[in-house]
Amino acid sequence: MAGIEPYESALDEIPGSHPYPRSSRYHDAEIGVHMQPDGTPVRYAKRRLLPPLPDPGEDTTHEDTAPHTVSSGERPDHLGRRYFGDPAQWWRIADANPVLDPRELTAEPGEEIDIPGGFPGGGHGR
């Protein structure tokens with residue numbers, strides 16, 4: 001049996017063929033192939049590693065993030081819409097903060113969280 005061409009390589013030249021849209025947090029995840037005992041290939045998204053967070057004592061004032069003070073009633077999807085124009089982009093904010101559950105981002109009104117750069121307008125949504 002011939003080897004299986006990696007999913008990314010086989011479909012790179014076909015527009016819209018990636019399993020996840022460019023806006024997805026999994027778009028850049030590597031696609032793996034698991035071979036079942038009967039020889040059937042099963043494609044899957046490999047683990048997506050988060051970018052490293054700064055050390056707790058480190059100065060977190062960077063050009064690539066901006067602070068946001070959480071207001072009562074805010075949700076991660078609200079922040080995704082506000083800063084990136086798409087509520088589904090909340091994951092970018094979650095990746096920039098030390099949270100396991102995205103709801104932790106907005107659980108405490110008055111808490112300051114980091115908003116990563118690269119959102120429309122460049123004005124940090126303010």
# chains A, B, ... in the order shown; residues from 1 in each chain; ligands from 1
>>> residues_around(residues="Asp77 (chain A)", least_positions_apart="5", cutoff="7 Å", atoms="only C-alpha atoms", output="list in words")
Pro87, Ala88 and Trp90 of chain A
>>> residues_around(residues="region 33-35 of chain A", least_positions_apart="5", cutoff="8 Å", atoms="only C-alpha atoms", output="compact mmCIF listing (two decimals) with all heavy atoms, in the first residue's frame")
# COMPACT_ATOMS: atom_id res chain seq x y z
N PRO A 6 0.22 13.70 3.29
CA PRO A 6 -0.33 14.50 4.40
C PRO A 6 -1.48 15.37 3.91
O PRO A 6 -1.46 15.88 2.81
CB PRO A 6 0.85 15.35 4.85
CG PRO A 6 2.05 14.64 4.36
CD PRO A 6 1.63 13.92 3.10
N THR A 40 -7.43 1.38 7.35
CA THR A 40 -8.20 2.58 7.07
C THR A 40 -7.52 3.78 7.72
O THR A 40 -7.28 3.78 8.93
CB THR A 40 -9.64 2.46 7.62
OG1 THR A 40 -10.24 1.29 7.07
CG2 THR A 40 -10.46 3.69 7.30
N PRO A 41 -7.20 4.82 6.92
CA PRO A 41 -6.59 6.01 7.52
C PRO A 41 -7.66 6.90 8.18
O PRO A 41 -8.75 7.08 7.65
CB PRO A 41 -5.96 6.72 6.32
CG PRO A 41 -6.81 6.31 5.16
CD PRO A 41 -7.29 4.91 5.46
N VAL A 42 -7.32 7.42 9.34
CA VAL A 42 -8.22 8.34 10.05
C VAL A 42 -7.42 9.61 10.31
O VAL A 42 -6.39 9.58 10.99
CB VAL A 42 -8.71 7.75 11.39
CG1 VAL A 42 -9.58 8.75 12.12
CG2 VAL A 42 -9.47 6.45 11.15
N ARG A 43 -7.87 10.72 9.74
CA ARG A 43 -7.18 12.00 9.92
C ARG A 43 -7.71 12.69 11.16
O ARG A 43 -8.90 12.61 11.47
CB ARG A 43 -7.37 12.86 8.69
CG ARG A 43 -6.59 12.33 7.50
CD ARG A 43 -6.87 13.09 6.22
NE ARG A 43 -5.99 12.68 5.16
CZ ARG A 43 -6.12 11.57 4.45
NH1 ARG A 43 -7.11 10.75 4.69
NH2 ARG A 43 -5.27 11.28 3.49
N TYR A 44 -6.83 13.39 11.88
CA TYR A 44 -7.23 14.09 13.10
C TYR A 44 -6.34 15.31 13.29
O TYR A 44 -5.23 15.37 12.76
CB TYR A 44 -7.12 13.16 14.32
CG TYR A 44 -5.71 12.69 14.60
CD1 TYR A 44 -4.92 13.37 15.52
CD2 TYR A 44 -5.16 11.60 13.93
CE1 TYR A 44 -3.62 12.97 15.77
CE2 TYR A 44 -3.87 11.19 14.18
CZ TYR A 44 -3.11 11.87 15.10
OH TYR A 44 -1.82 11.48 15.35
>>> closest_residue(among="A:His68, A:Arg25, A:Arg81, A:Arg103", to="Ala45 (chain A)", atoms="only C-alpha atoms")
A:Arg25
>>> atom_distance(atom1="CA of Thr106 (chain A)", atom2="CA of Ser72 (chain A)")
8.0 Å
>>> residues_around(residues="Ala94 (chain A)", least_positions_apart="5", cutoff="9 Å", atoms="only C-alpha atoms", output="list in words")
Pro76, Val99, Leu100, Asp101, Pro102, Glu104, Leu105, Asp114 and Ile115 of chain A
>>> residues_around(residues="Lys46 (chain A)", least_positions_apart="2", cutoff="9 Å", atoms="only C-alpha atoms", output="PyMOL selection string")
chain A and resi 29-32+44+48
>>> write_last_selection(atoms="all heavy atoms", output="PDB file, in the first residue's frame")
ATOM      1  N   ALA A  29      -3.136  23.935  13.202  1.00  0.00           N
ATOM      2  CA  ALA A  29      -2.814  22.668  13.873  1.00  0.00           C
ATOM      3  C   ALA A  29      -2.430  21.634  12.814  1.00  0.00           C
ATOM      4  O   ALA A  29      -3.037  21.558  11.744  1.00  0.00           O
ATOM      5  CB  ALA A  29      -4.008  22.167  14.676  1.00  0.00           C
ATOM      6  N   GLU A  30      -1.429  20.859  13.133  1.00  0.00           N
ATOM      7  CA  GLU A  30      -0.992  19.822  12.209  1.00  0.00           C
ATOM      8  C   GLU A  30      -2.048  18.722  12.138  1.00  0.00           C
ATOM      9  O   GLU A  30      -2.651  18.362  13.143  1.00  0.00           O
ATOM     10  CB  GLU A  30       0.339  19.240  12.693  1.00  0.00           C
ATOM     11  CG  GLU A  30       0.927  18.232  11.745  1.00  0.00           C
ATOM     12  CD  GLU A  30       2.250  17.669  12.253  1.00  0.00           C
ATOM     13  OE1 GLU A  30       2.801  18.207  13.225  1.00  0.00           O
ATOM     14  OE2 GLU A  30       2.710  16.688  11.666  1.00  0.00           O
ATOM     15  N   ILE A  31      -2.292  18.213  10.946  1.00  0.00           N
ATOM     16  CA  ILE A  31      -3.246  17.126  10.755  1.00  0.00           C
ATOM     17  C   ILE A  31      -2.455  15.824  10.720  1.00  0.00           C
ATOM     18  O   ILE A  31      -1.523  15.665   9.931  1.00  0.00           O
ATOM     19  CB  ILE A  31      -4.054  17.296   9.446  1.00  0.00           C
ATOM     20  CG1 ILE A  31      -4.792  18.629   9.429  1.00  0.00           C
ATOM     21  CG2 ILE A  31      -5.021  16.124   9.257  1.00  0.00           C
ATOM     22  CD1 ILE A  31      -5.814  18.831  10.518  1.00  0.00           C
ATOM     23  N   GLY A  32      -2.808  14.926  11.624  1.00  0.00           N
ATOM     24  CA  GLY A  32      -2.143  13.632  11.685  1.00  0.00           C
ATOM     25  C   GLY A  32      -2.978  12.561  11.015  1.00  0.00           C
ATOM     26  O   GLY A  32      -4.159  12.761  10.736  1.00  0.00           O
ATOM     27  N   TYR A  44      -6.831  13.386  11.880  1.00  0.00           N
ATOM     28  CA  TYR A  44      -7.231  14.089  13.101  1.00  0.00           C
ATOM     29  C   TYR A  44      -6.345  15.307  13.291  1.00  0.00           C
ATOM     30  O   TYR A  44      -5.232  15.369  12.758  1.00  0.00           O
ATOM     31  CB  TYR A  44      -7.125  13.157  14.318  1.00  0.00           C
ATOM     32  CG  TYR A  44      -5.707  12.694  14.603  1.00  0.00           C
ATOM     33  CD1 TYR A  44      -4.920  13.370  15.516  1.00  0.00           C
ATOM     34  CD2 TYR A  44      -5.161  11.602  13.928  1.00  0.00           C
ATOM     35  CE1 TYR A  44      -3.617  12.966  15.770  1.00  0.00           C
ATOM     36  CE2 TYR A  44      -3.873  11.188  14.178  1.00  0.00           C
ATOM     37  CZ  TYR A  44      -3.107  11.869  15.099  1.00  0.00           C
ATOM     38  OH  TYR A  44      -1.822  11.476  15.346  1.00  0.00           O
ATOM     39  N   ARG A  48      -2.882  21.253  19.797  1.00  0.00           N
ATOM     40  CA  ARG A  48      -2.526  22.650  19.534  1.00  0.00           C
ATOM     41  C   ARG A  48      -1.863  23.199  20.784  1.00  0.00           C
ATOM     42  O   ARG A  48      -2.475  23.260  21.845  1.00  0.00           O
ATOM     43  CB  ARG A  48      -3.781  23.462  19.218  1.00  0.00           C
ATOM     44  CG  ARG A  48      -3.503  24.892  18.861  1.00  0.00           C
ATOM     45  CD  ARG A  48      -4.795  25.619  18.571  1.00  0.00           C
ATOM     46  NE  ARG A  48      -5.535  25.928  19.769  1.00  0.00           N
ATOM     47  CZ  ARG A  48      -5.407  27.058  20.462  1.00  0.00           C
ATOM     48  NH1 ARG A  48      -4.592  27.991  20.064  1.00  0.00           N
ATOM     49  NH2 ARG A  48      -6.105  27.265  21.541  1.00  0.00           N
TER      50      ARG A  48
END
>>> atom_distance(atom1="CA of Gly80 (chain A)", atom2="CA of Pro109 (chain A)")
16.9 Å
>>> atom_distance(atom1="CA of Ile93 (chain A)", atom2="CA of Pro116 (chain A)")
6.3 Å
>>> closest_residue(among="A:Glu111, A:Asp64, A:Asp95, A:Asp28", to="Arg47 (chain A)", atoms="only C-alpha atoms")
A:Asp28
